[in-house]
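*Asks:* Sharing work_20.cif here; it has mmCIF, C-alpha atoms and all ligand atoms.
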data_coords
loop_
_atom_site.label_atom_id
_atom_site.label_comp_id
_atom_site.auth_asym_id
_atom_site.auth_seq_id
_atom_site.Cartn_x
_atom_site.Cartn_y
_atom_site.Cartn_z
CA MET I 1 16.52 31.29 -39.85
CA LYS I 2 16.63 29.80 -36.37
CA ARG I 3 13.18 29.58 -34.77
CA VAL I 4 12.66 29.58 -31.04
CA TYR I 5 9.17 28.84 -29.79
CA MET I 6 8.48 30.49 -26.45
CA ASP I 7 4.69 30.30 -26.46
CA ALA I 8 4.17 26.99 -24.66
CA ASN I 9 1.18 28.35 -22.73
CA ALA I 10 -0.66 28.71 -26.05
CA THR I 11 0.16 25.18 -27.13
CA THR I 12 3.00 22.65 -27.26
CA PRO I 13 4.20 20.17 -29.87
CA LEU I 14 3.70 16.44 -29.40
CA LEU I 15 6.66 14.65 -27.90
CA PRO I 16 7.76 11.84 -30.26
CA GLU I 17 6.82 9.21 -27.64
CA VAL I 18 3.29 10.61 -27.58
CA LEU I 19 2.93 10.35 -31.34
CA GLU I 20 4.29 6.78 -31.25
CA ALA I 21 1.81 5.79 -28.52
CA MET I 22 -1.11 7.22 -30.53
CA ARG I 23 -0.15 5.90 -33.95
CA PRO I 24 -1.69 2.37 -33.80
CA TYR I 25 -5.05 3.71 -32.68
CA TRP I 26 -5.71 5.42 -36.00
CA ILE I 27 -4.99 2.47 -38.24
CA GLU I 28 -4.50 -1.05 -36.86
CA ARG I 29 -6.45 -0.49 -33.63
CA PHE I 30 -9.12 1.84 -34.91
CA GLY I 31 -12.02 0.17 -33.09
CA ASN I 32 -14.87 1.96 -31.35
CA ALA I 33 -14.39 1.54 -27.60
CA SER I 34 -18.12 0.75 -27.26
CA SER I 35 -18.12 -2.19 -29.71
CA ILE I 36 -18.16 -5.68 -28.23
CA HIS I 37 -15.97 -7.40 -30.84
CA LEU I 38 -12.18 -7.74 -30.54
CA ASP I 39 -11.46 -4.41 -32.28
CA GLY I 40 -13.75 -2.66 -29.85
CA GLN I 41 -12.23 -4.49 -26.89
CA GLN I 42 -8.72 -3.38 -27.92
CA ALA I 43 -9.85 0.25 -28.06
CA HIS I 44 -11.70 -0.12 -24.77
CA ALA I 45 -8.62 -1.59 -23.09
CA ALA I 46 -6.51 1.33 -24.33
CA VAL I 47 -9.01 3.80 -22.87
CA ASP I 48 -9.00 1.88 -19.58
CA ARG I 49 -5.19 1.97 -19.41
CA ALA I 50 -5.24 5.70 -20.16
CA ARG I 51 -7.83 6.19 -17.42
CA ALA I 52 -5.58 4.42 -14.92
CA THR I 53 -2.68 6.72 -15.88
CA MET I 54 -4.84 9.82 -15.52
CA ALA I 55 -6.07 8.56 -12.14
CA GLU I 56 -2.44 8.34 -11.05
CA PHE I 57 -1.81 11.83 -12.48
CA PHE I 58 -4.73 13.28 -10.49
CA ASN I 59 -4.37 10.94 -7.49
CA CYS I 60 -7.96 9.73 -7.75
CA HIS I 61 -9.93 6.58 -8.61
CA ASP I 62 -10.20 5.48 -12.24
CA ALA I 63 -13.97 5.99 -12.10
CA GLU I 64 -13.41 9.67 -11.29
CA VAL I 65 -11.73 10.43 -14.67
CA VAL I 66 -13.93 11.73 -17.51
CA PHE I 67 -12.32 12.16 -20.94
CA ASN I 68 -13.47 15.16 -22.95
CA SER I 69 -12.31 17.61 -25.62
CA GLY I 70 -10.07 19.78 -23.44
CA GLY I 71 -9.94 22.72 -21.07
CA THR I 72 -12.83 24.72 -22.48
CA GLU I 73 -15.17 21.76 -22.17
CA GLY I 74 -14.00 20.93 -18.64
CA ASP I 75 -14.48 24.54 -17.52
CA ASN I 76 -17.91 24.80 -19.17
CA THR I 77 -19.00 21.46 -17.71
CA ALA I 78 -18.22 22.56 -14.16
CA ILE I 79 -20.35 25.68 -14.54
CA PHE I 80 -23.22 24.52 -16.74
CA GLY I 81 -23.29 21.11 -15.09
CA LEU I 82 -23.58 22.27 -11.49
CA LEU I 83 -25.21 25.70 -11.35
CA ARG I 84 -28.97 26.24 -11.30
CA PRO I 85 -31.16 29.39 -11.13
CA GLY I 86 -30.84 31.06 -7.75
CA ASP I 87 -27.31 29.73 -7.10
CA HIS I 88 -24.36 31.99 -6.42
CA PHE I 89 -21.00 31.32 -8.06
CA ILE I 90 -17.58 32.60 -6.99
CA THR I 91 -14.71 32.84 -9.43
CA THR I 92 -11.88 35.28 -10.11
CA SER I 93 -11.44 38.08 -12.60
CA ILE I 94 -8.23 36.49 -13.96
CA GLU I 95 -9.75 33.23 -15.21
CA HIS I 96 -9.65 32.01 -18.80
CA SER I 97 -12.60 33.12 -20.93
CA ALA I 98 -13.94 29.53 -20.83
CA ILE I 99 -14.87 30.34 -17.21
CA LEU I 100 -15.63 34.06 -17.53
CA GLN I 101 -17.98 33.72 -20.50
CA ALA I 102 -19.70 30.66 -19.05
CA ALA I 103 -20.35 32.69 -15.87
CA ARG I 104 -21.80 35.53 -17.95
CA ARG I 105 -24.11 33.12 -19.72
CA MET I 106 -25.32 31.73 -16.40
CA GLU I 107 -26.26 35.27 -15.34
CA LEU I 108 -28.97 35.07 -18.01
CA HIS I 109 -30.24 31.96 -16.21
CA GLY I 110 -30.50 33.50 -12.75
CA VAL I 111 -27.04 32.64 -11.40
CA GLU I 112 -25.16 35.54 -9.84
CA THR I 113 -21.38 35.50 -10.00
CA THR I 114 -18.83 37.28 -7.82
CA PHE I 115 -15.54 37.86 -9.66
CA VAL I 116 -12.85 38.11 -6.98
CA ALA I 117 -9.96 40.40 -7.98
CA PRO I 118 -6.33 39.38 -7.45
CA GLN I 119 -3.69 41.20 -5.43
CA PRO I 120 -1.25 43.31 -7.48
CA SER I 121 1.07 40.26 -7.33
CA GLY I 122 -1.49 38.20 -9.28
CA LEU I 123 -2.32 36.08 -6.23
CA ILE I 124 -5.89 35.53 -5.13
CA ASP I 125 -6.28 36.10 -1.40
CA PRO I 126 -8.39 33.23 0.01
CA ALA I 127 -9.84 35.72 2.51
CA ASP I 128 -11.44 37.54 -0.44
CA ILE I 129 -13.10 34.29 -1.51
CA GLU I 130 -14.37 33.81 2.03
CA ARG I 131 -15.76 37.37 2.09
CA ALA I 132 -17.66 36.70 -1.15
CA LEU I 133 -19.49 33.68 0.33
CA ARG I 134 -23.29 33.74 0.52
CA PRO I 135 -25.69 31.12 1.89
CA GLU I 136 -26.60 30.24 -1.72
CA THR I 137 -22.98 29.88 -2.96
CA ARG I 138 -22.87 26.51 -4.74
CA LEU I 139 -19.59 26.56 -6.65
CA PHE I 140 -16.10 28.11 -6.60
CA SER I 141 -13.88 27.98 -9.66
CA VAL I 142 -10.27 29.12 -9.37
CA MET I 143 -7.41 28.40 -11.75
CA LEU I 144 -4.31 26.62 -10.49
CA ALA I 145 -1.84 28.62 -12.59
CA ASN I 146 -2.54 31.75 -14.57
CA ASN I 147 -1.93 31.42 -18.30
CA GLU I 148 -0.34 34.86 -18.58
CA THR I 149 1.69 35.38 -15.40
CA GLY I 150 2.15 31.74 -14.38
CA VAL I 151 1.22 32.69 -10.80
CA LEU I 152 0.09 29.67 -8.77
CA GLN I 153 -3.00 30.10 -6.65
CA PRO I 154 -3.39 28.73 -3.10
CA ALA I 155 -5.66 25.85 -4.15
CA GLU I 156 -5.52 24.01 -0.83
CA GLU I 157 -6.59 27.01 1.23
CA ILE I 158 -9.44 27.72 -1.19
CA GLY I 159 -10.43 24.03 -1.04
CA GLU I 160 -10.60 24.30 2.74
CA ILE I 161 -12.97 27.29 2.50
CA ALA I 162 -15.17 25.40 0.00
CA ARG I 163 -15.28 22.41 2.34
CA ALA I 164 -16.26 24.52 5.36
CA ALA I 165 -18.93 26.31 3.29
CA GLY I 166 -20.32 23.11 1.79
CA ALA I 167 -19.69 24.45 -1.73
CA PHE I 168 -18.31 22.60 -4.75
CA PHE I 169 -14.83 23.55 -5.94
CA HIS I 170 -13.57 23.39 -9.53
CA ILE I 171 -9.94 24.01 -10.46
CA ASP I 172 -8.96 25.00 -13.99
CA ALA I 173 -5.59 23.26 -13.92
CA VAL I 174 -4.92 23.56 -17.66
CA GLN I 175 -1.78 25.65 -17.12
CA GLY I 176 -0.63 23.75 -14.05
CA ALA I 177 -0.72 20.35 -15.76
CA GLY I 178 2.76 18.92 -16.15
CA LYS I 179 4.29 21.91 -14.38
CA VAL I 180 3.34 21.17 -10.76
CA LYS I 181 2.44 17.96 -8.97
CA PHE I 182 -1.28 17.28 -8.77
CA ASP I 183 -3.19 15.83 -5.90
CA VAL I 184 -6.92 16.39 -6.09
CA ARG I 185 -7.38 15.09 -2.53
CA ARG I 186 -4.88 17.60 -1.18
CA PHE I 187 -6.49 20.39 -3.23
CA GLY I 188 -9.88 19.41 -1.79
CA CYS I 189 -11.56 19.97 -5.17
CA HIS I 190 -14.62 18.25 -6.64
CA LEU I 191 -13.68 18.94 -10.26
CA LEU I 192 -10.39 19.66 -12.03
CA SER I 193 -9.83 20.31 -15.75
CA VAL I 194 -6.75 19.55 -17.83
CA SER I 195 -5.99 19.75 -21.54
CA ALA I 196 -3.51 17.53 -23.40
CA HIS I 197 -2.16 20.13 -25.83
CA LYS I 198 -0.69 22.28 -23.06
CA MET I 199 1.57 19.42 -21.95
CA HIS I 200 2.97 18.02 -25.19
CA GLY I 201 -0.14 16.00 -26.00
CA PRO I 202 -2.62 16.32 -28.88
CA LYS I 203 -5.11 19.14 -29.36
CA GLY I 204 -8.83 18.63 -28.77
CA VAL I 205 -8.61 16.17 -25.90
CA GLY I 206 -8.54 16.56 -22.14
CA ALA I 207 -9.83 15.14 -18.91
CA LEU I 208 -12.03 16.26 -16.07
CA PHE I 209 -11.60 14.86 -12.58
CA VAL I 210 -15.07 14.46 -11.06
CA ARG I 211 -15.05 13.50 -7.40
CA ARG I 212 -17.33 10.53 -6.73
CA GLY I 213 -20.88 11.70 -5.91
CA THR I 214 -20.52 15.19 -7.45
CA PRO I 215 -23.88 15.82 -9.15
CA VAL I 216 -22.53 17.37 -12.34
CA GLU I 217 -24.85 17.08 -15.30
CA SER I 218 -23.43 16.06 -18.65
CA LEU I 219 -23.14 18.83 -21.25
CA LEU I 220 -23.51 16.36 -24.10
CA VAL I 221 -26.20 13.69 -24.30
CA GLY I 222 -26.71 10.92 -26.80
CA GLY I 223 -24.84 7.94 -25.42
CA SER I 224 -23.76 6.25 -22.22
CA HIS I 225 -20.04 6.89 -22.73
CA GLU I 226 -17.88 7.87 -19.78
CA ARG I 227 -20.48 6.49 -17.32
CA ARG I 228 -23.09 8.84 -18.80
CA ARG I 229 -21.02 11.88 -17.89
CA ARG I 230 -19.90 12.76 -21.45
CA ALA I 231 -21.67 11.39 -24.50
CA GLY I 232 -19.81 10.83 -27.76
CA THR I 233 -17.54 8.16 -29.23
CA GLU I 234 -14.25 8.29 -27.33
CA ASN I 235 -11.32 9.90 -29.16
CA VAL I 236 -9.16 6.82 -28.58
CA PRO I 237 -5.88 8.06 -30.16
CA GLY I 238 -6.32 11.40 -28.39
CA ILE I 239 -6.99 9.75 -25.03
CA VAL I 240 -3.94 7.49 -25.46
CA GLY I 241 -1.87 10.59 -26.33
CA LEU I 242 -3.16 12.52 -23.33
CA ALA I 243 -2.22 9.66 -20.99
CA LYS I 244 1.24 9.30 -22.54
CA ALA I 245 1.81 13.06 -22.16
CA ALA I 246 0.66 12.86 -18.52
CA GLU I 247 2.97 9.90 -17.86
CA LEU I 248 5.94 11.83 -19.32
CA ALA I 249 4.89 14.92 -17.36
CA MET I 250 4.99 12.93 -14.12
CA HIS I 251 8.58 11.87 -14.94
CA SER I 252 9.57 15.45 -15.79
CA LEU I 253 8.43 16.58 -12.36
CA GLU I 254 10.69 14.00 -10.73
CA ASP I 255 13.76 13.88 -12.97
CA GLY I 256 14.83 17.51 -12.85
CA VAL I 257 13.42 18.61 -16.25
CA ILE I 258 11.03 21.12 -14.72
CA LYS I 259 13.77 22.45 -12.41
CA ARG I 260 15.96 22.95 -15.47
CA VAL I 261 13.15 24.87 -17.21
CA ALA I 262 12.85 27.13 -14.14
CA LEU I 263 16.58 27.93 -14.33
CA LEU I 264 16.31 28.73 -18.04
CA ARG I 265 13.27 30.95 -17.41
CA ASP I 266 15.12 32.74 -14.58
CA ARG I 267 18.14 33.35 -16.81
CA LEU I 268 15.93 34.63 -19.62
CA GLU I 269 14.05 36.91 -17.24
CA ALA I 270 17.19 38.30 -15.61
CA GLY I 271 18.72 38.92 -19.04
CA ILE I 272 15.70 40.84 -20.32
CA LEU I 273 15.39 42.83 -17.10
CA GLU I 274 18.86 44.26 -17.76
CA LEU I 275 17.14 46.42 -20.37
CA PRO I 276 16.01 49.77 -18.99
CA GLY I 277 12.26 50.30 -18.60
CA THR I 278 11.31 46.66 -18.06
CA GLY I 279 9.78 44.66 -15.23
CA VAL I 280 7.89 41.45 -14.46
CA ASN I 281 4.13 41.31 -13.98
CA GLY I 282 3.13 39.14 -11.06
CA ALA I 283 6.41 37.83 -9.74
CA TRP I 284 6.66 39.70 -6.48
CA ASP I 285 4.47 40.43 -3.49
CA GLY I 286 6.39 43.32 -1.94
CA GLU I 287 9.81 41.82 -1.26
CA LYS I 288 8.60 38.21 -1.47
CA PRO I 289 8.58 36.18 -4.71
CA VAL I 290 5.18 34.64 -5.44
CA PRO I 291 4.94 31.00 -6.50
CA ARG I 292 4.89 30.63 -10.28
CA VAL I 293 5.04 27.73 -12.71
CA ALA I 294 8.57 27.06 -13.95
CA ASN I 295 8.15 28.03 -17.60
CA THR I 296 6.41 31.42 -17.60
CA THR I 297 7.41 35.06 -17.28
CA ASP I 298 5.31 38.08 -18.24
CA ILE I 299 7.43 41.17 -18.87
CA TRP I 300 6.50 44.81 -19.51
CA PHE I 301 8.58 47.04 -21.77
CA ASP I 302 8.04 50.78 -21.36
CA GLN I 303 7.49 52.91 -24.46
CA LEU I 304 6.46 50.25 -26.84
CA GLU I 305 3.42 48.39 -28.07
CA GLY I 306 3.39 44.68 -27.14
CA GLU I 307 1.86 43.63 -30.47
CA ALA I 308 4.63 45.43 -32.37
CA LEU I 309 7.25 43.58 -30.33
CA VAL I 310 5.48 40.23 -30.92
CA ILE I 311 5.69 40.89 -34.67
CA ALA I 312 9.28 42.16 -34.55
CA LEU I 313 10.38 39.07 -32.61
CA ASP I 314 8.45 36.76 -34.93
CA LEU I 315 10.36 38.24 -37.87
CA LYS I 316 13.56 37.32 -36.05
CA GLY I 317 12.32 33.77 -35.47
CA VAL I 318 11.04 34.06 -31.90
CA ALA I 319 7.42 33.14 -31.10
CA VAL I 320 5.99 34.80 -27.99
CA SER I 321 2.60 36.15 -27.09
CA GLY I 322 1.12 39.43 -25.91
CA GLY I 323 -1.63 38.63 -23.43
CA SER I 324 -3.20 35.20 -23.80
CA ALA I 325 -3.26 33.42 -27.15
CA CYS I 326 -7.00 33.81 -27.23
CA HIS I 327 -6.51 37.59 -27.28
CA SER I 328 -3.87 37.78 -29.96
CA GLY I 329 -5.10 39.81 -32.87
CA ALA I 330 -7.24 41.88 -30.51
CA THR I 331 -5.84 45.18 -29.31
CA GLU I 332 -7.56 45.08 -25.92
CA PRO I 333 -5.04 44.91 -23.09
CA SER I 334 -5.01 41.71 -21.06
CA HIS I 335 -7.89 41.43 -18.58
CA VAL I 336 -5.53 39.59 -16.23
CA LEU I 337 -3.01 42.42 -16.04
CA LEU I 338 -5.76 45.05 -15.76
CA ALA I 339 -7.33 43.09 -12.89
CA MET I 340 -3.93 43.11 -11.15
CA GLY I 341 -3.98 46.91 -11.34
CA VAL I 342 -1.40 47.21 -14.13
CA ASP I 343 -2.17 50.40 -16.06
CA LYS I 344 -3.51 50.12 -19.60
CA ASN I 345 -0.34 51.28 -21.36
CA ARG I 346 1.88 48.95 -19.40
CA ALA I 347 -0.58 46.07 -19.95
CA ARG I 348 -0.44 46.75 -23.70
CA ALA I 349 3.35 46.78 -23.52
CA SER I 350 3.61 43.35 -21.88
CA LEU I 351 4.75 40.07 -23.39
CA ARG I 352 4.48 36.51 -22.16
CA PHE I 353 7.47 34.24 -22.64
CA SER I 354 6.51 30.61 -21.94
CA LEU I 355 9.15 27.93 -22.42
CA LEU I 356 8.65 24.40 -23.68
CA LYS I 357 10.05 21.69 -21.44
CA THR I 358 12.43 20.90 -24.31
CA ALA I 359 13.84 24.47 -24.25
CA THR I 360 17.63 24.75 -24.39
CA GLU I 361 20.37 27.14 -23.23
CA ALA I 362 20.87 28.02 -26.92
CA ASP I 363 17.20 29.05 -27.19
CA VAL I 364 17.61 31.43 -24.27
CA ASP I 365 20.88 32.79 -25.71
CA TYR I 366 19.16 33.50 -29.03
CA VAL I 367 16.20 35.27 -27.43
CA LEU I 368 18.56 37.34 -25.27
CA GLU I 369 20.37 38.33 -28.45
CA VAL I 370 17.31 39.45 -30.42
CA VAL I 371 15.08 41.02 -27.74
CA PRO I 372 17.40 43.99 -26.94
CA GLU I 373 17.82 44.79 -30.65
CA ALA I 374 14.08 44.63 -31.30
CA VAL I 375 13.20 46.70 -28.22
CA GLU I 376 15.80 49.36 -29.03
CA HIS I 377 14.62 49.54 -32.66
CA LEU I 378 10.94 49.92 -31.70
CA ARG I 379 11.70 52.48 -29.01
CA THR I 380 13.72 54.52 -31.50
CA LEU I 381 10.82 54.37 -33.98
CA SER I 382 8.35 55.52 -31.35
CA ARG I 383 10.65 58.41 -30.36
CA VAL I 384 10.89 59.39 -34.02
CA ALA I 385 7.09 59.18 -34.38
CA ALA I 386 6.66 61.30 -31.26
CA GLY I 387 9.19 63.80 -32.61
CA THR I 388 11.32 63.51 -29.48
CA LEU I 389 14.47 62.16 -31.10
CA GLY I 390 17.46 64.42 -31.50
N1 LIG P 401 -7.98 27.32 -19.21
C1 LIG P 401 -6.79 27.91 -19.30
C2 LIG P 401 -6.16 28.48 -18.09
C3 LIG P 401 -6.15 28.00 -20.54
O1 LIG P 401 -4.95 28.60 -20.64
C4 LIG P 401 -6.79 27.45 -21.69
C5 LIG P 401 -6.17 27.58 -23.03
O2 LIG P 401 -5.48 28.53 -23.33
C6 LIG P 401 -8.03 26.83 -21.53
C7 LIG P 401 -8.60 26.78 -20.28
C8 LIG P 401 -8.75 26.20 -22.69
O3 LIG P 401 -8.21 24.95 -22.97
P1 LIG P 401 -8.44 24.24 -24.41
O4 LIG P 401 -7.54 24.96 -25.36
O5 LIG P 401 -8.04 22.83 -24.18
O6 LIG P 401 -9.88 24.37 -24.71
#
Could you write out this structure as structure tokens?
*Replies:*
Amino acid sequence: MKRVYMDANATTPLLPEVLEAMRPYWIERFGNASSIHLDGQQAHAAVDRARATMAEFFNCHDAEVVFNSGGTEGDNTAIFGLLRPGDHFITTSIEHSAILQAARRMELHGVETTFVAPQPSGLIDPADIERALRPETRLFSVMLANNETGVLQPAEEIGEIARAAGAFFHIDAVQGAGKVKFDVRRFGCHLLSVSAHKMHGPKGVGALFVRRGTPVESLLVGGSHERRRRAGTENVPGIVGLAKAAELAMHSLEDGVIKRVALLRDRLEAGILELPGTGVNGAWDGEKPVPRVANTTDIWFDQLEGEALVIALDLKGVAVSGGSACHSGATEPSHVLLAMGVDKNRARASLRFSLLKTATEADVDYVLEVVPEAVEHLRTLSRVAAGTLG
């Protein structure tokens, strides 16, 4: 059976070039980047080259790149590494749980958090961040792109508020990486997290931009790796893979690949919306479209259960997600959609379609063929169950 993977926001496969770039660093060039002999020097040089690529990706200095294990670690580091008892923290109610749960833990250590709610469009209004400010606000953390709706937040405006308030600003850019152009100077952030596996790189590796002079304490101790900002032997193949994925992502932003993905997503979305009782979560602000990453659409389907549709589509070879990947298996409706004011039933009846950058017209054709059948079948079943058929 044909399989179409439309769950890129959960994870992506390695591009062949990424695998090829990583391959030598497991076998021939397996050295420890901290060793002084030739094997160590080769590994160290590979990490240095990767650091230079990531610095280009972020638009920062090489010394401002810290390699780590991915988005969760970057998010946790910003919060645990900067906040101290008595500080106030501002974030949003639509963040990934790596931020939300870290904030909850800090509450036990005397840090109060304000969770700013989004507009019904999924956008955070910078004025709401400004209203949440207190004299003791030390850190803001706002995601660049939401993992469920793909809505892009006004990072620059929020960075400006942080600057005026003298607060630190962290951006969880895990879902923006490879989908929009980065510029940490333009964003005005002190910290920014990315994860390789969301942009066709390997799992378990990522990078944190740390602006020079930001007093973030290391989560892990035990070695002087990464200029004492992240202890632990460097994952050399992973770091090489991350940098290769970032290099390819920079090309994709320039060579029309991402524009092509946006057209495919728009065609998919328009095709699904032809079904009665459907709509998009977070695409519109009144009559105005809101900025979204190219690959994501989050669609509600009246009179059905999202999980049932995920399973029905999987049986037909289509992988999508209801809510974020981290919630799959749980029946709780998405906290992101609830925060946007979507009612519980509609939130439960919503699916996220997120396209790989290698998606094709044929993939979209196939999904547009199977979704209407699956939706009609499930709606008929639920009418039968409710005794309202015939
Ligand atoms: N932040 C966002 C917005 C995410 O979507 C994810 C993963 O789903 C993470 C952080 C966590 O990243 P990782 O899987 O690299 O730990």
*Asks:* Show me which residues sit within 10 Å of ligand LIG 401 (chain P) when counting only C-alpha atoms and all ligand atoms, and put them as a PyMOL selection string.
*Replies:* chain I and resi 8-11+68-76+94-99+142-148+150+171-176+193-198+202-207+324-327
*Asks:* Using 10 Å as the limit and counting only C-alpha atoms, can you tabulate each residue of segment 222-337 of chain I that touches segment 117-129 of chain I, with its shortest atom-to-atom distance in Å and the two atoms involved, as CSV?
*Replies:*
residue,atom,partner,partner_atom,distance
I:Val280,CA,I:Ser121,CA,9.9
I:Asn281,CA,I:Ser121,CA,7.4
I:Gly282,CA,I:Ser121,CA,4.4
I:Ala283,CA,I:Ser121,CA,6.3
I:Trp284,CA,I:Ser121,CA,5.7
I:Asp285,CA,I:Ser121,CA,5.1
I:Gly286,CA,I:Ser121,CA,8.2
I:Lys288,CA,I:Ser121,CA,9.8
I:Pro289,CA,I:Ser121,CA,8.9
I:Val290,CA,I:Ser121,CA,7.2
I:Pro291,CA,I:Leu123,CA,8.9
I:Arg292,CA,I:Leu123,CA,9.9
I:Val336,CA,I:Gly122,CA,8.2
I:Leu337,CA,I:Gly122,CA,8.1
*Asks:* Which is closest to Ser35 of chain I among I:Asn295, I:Thr91, I:Gln153, I:Thr233, if we use all atoms listed in the file?
*Replies:*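 When distances to Ser35 of chain I are compared using all atoms listed in the file, the smallest one comes from I:Thr233.
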*Asks:* For Val370 of chain I, please output as number ranges by chain all residues within 12 Å (counting all atoms listed in the file; exclusion window: fewer than 2 positions along the same chain).
*Replies:* I: 2-4, 268, 271-272, 309-310, 312-319, 363-368, 372-377
*Asks:* Select all residues near (15.4, 26.9, -18.6) (cut-off 9 Å, inclusive, file coordinates), counting all atoms listed in the file, and output them as a ChimeraX atom specification.
*Replies:* /I:257-268,294-295,355-361,364
*Asks:* Quick one: residues within 9 Å of His335 of chain I, all atoms listed in the file counted, chain neighbours fewer than 4 positions away excluded, as JSON, numbers by chain?
*Replies:* {"I": [93, 94, 323, 339, 340, 347]}
*Asks:* Would you output that residue set with C-alpha atoms, as a tab-separated table (two decimals), keeping the file's coordinate frame?
*Replies:*
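Once everything was written out, this is again_13.tsv:
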chain	number	residue	atom	x	y	z
I	93	SER	CA	-11.44	38.08	-12.60
I	94	ILE	CA	-8.23	36.49	-13.96
I	323	GLY	CA	-1.63	38.63	-23.43
I	339	ALA	CA	-7.33	43.09	-12.89
I	340	MET	CA	-3.93	43.11	-11.15
I	347	ALA	CA	-0.58	46.07	-19.95
*Asks:* Measuring atom to atom with only C-alpha atoms, identify which of I:Ala165, I:Ala63, I:Ala249, I:Leu378 is nearest to Arg212 of chain I.
*Replies:*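 Closest candidate: I:Ala63.
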*Asks:* To one decimal place in Å, what is the distance between atom CA of Glu305 of chain I and atom CA of Pro333 of chain I?
*Replies:* 10.4 Å
*Asks:* Just the number, please: distance in Å from atom CA of Phe140 of chain I to atom CA of Thr214 of chain I, one decimal.
*Replies:*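 Those two atoms sit 13.7 Å apart.
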*Asks:* I need the residue nearest Met6 of chain I from this list: I:Pro85, I:Gly322, I:Gly279, I:Pro154. Use all atoms listed in the file for the distance.
*Replies:*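 Closest candidate: I:Gly322.
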*Asks:* Grab the atom CA of Met106 of chain I to atom CA of Pro135 of chain I distance for me, in Å with one decimal place.
*Replies:*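 It comes out at 18.3 Å.
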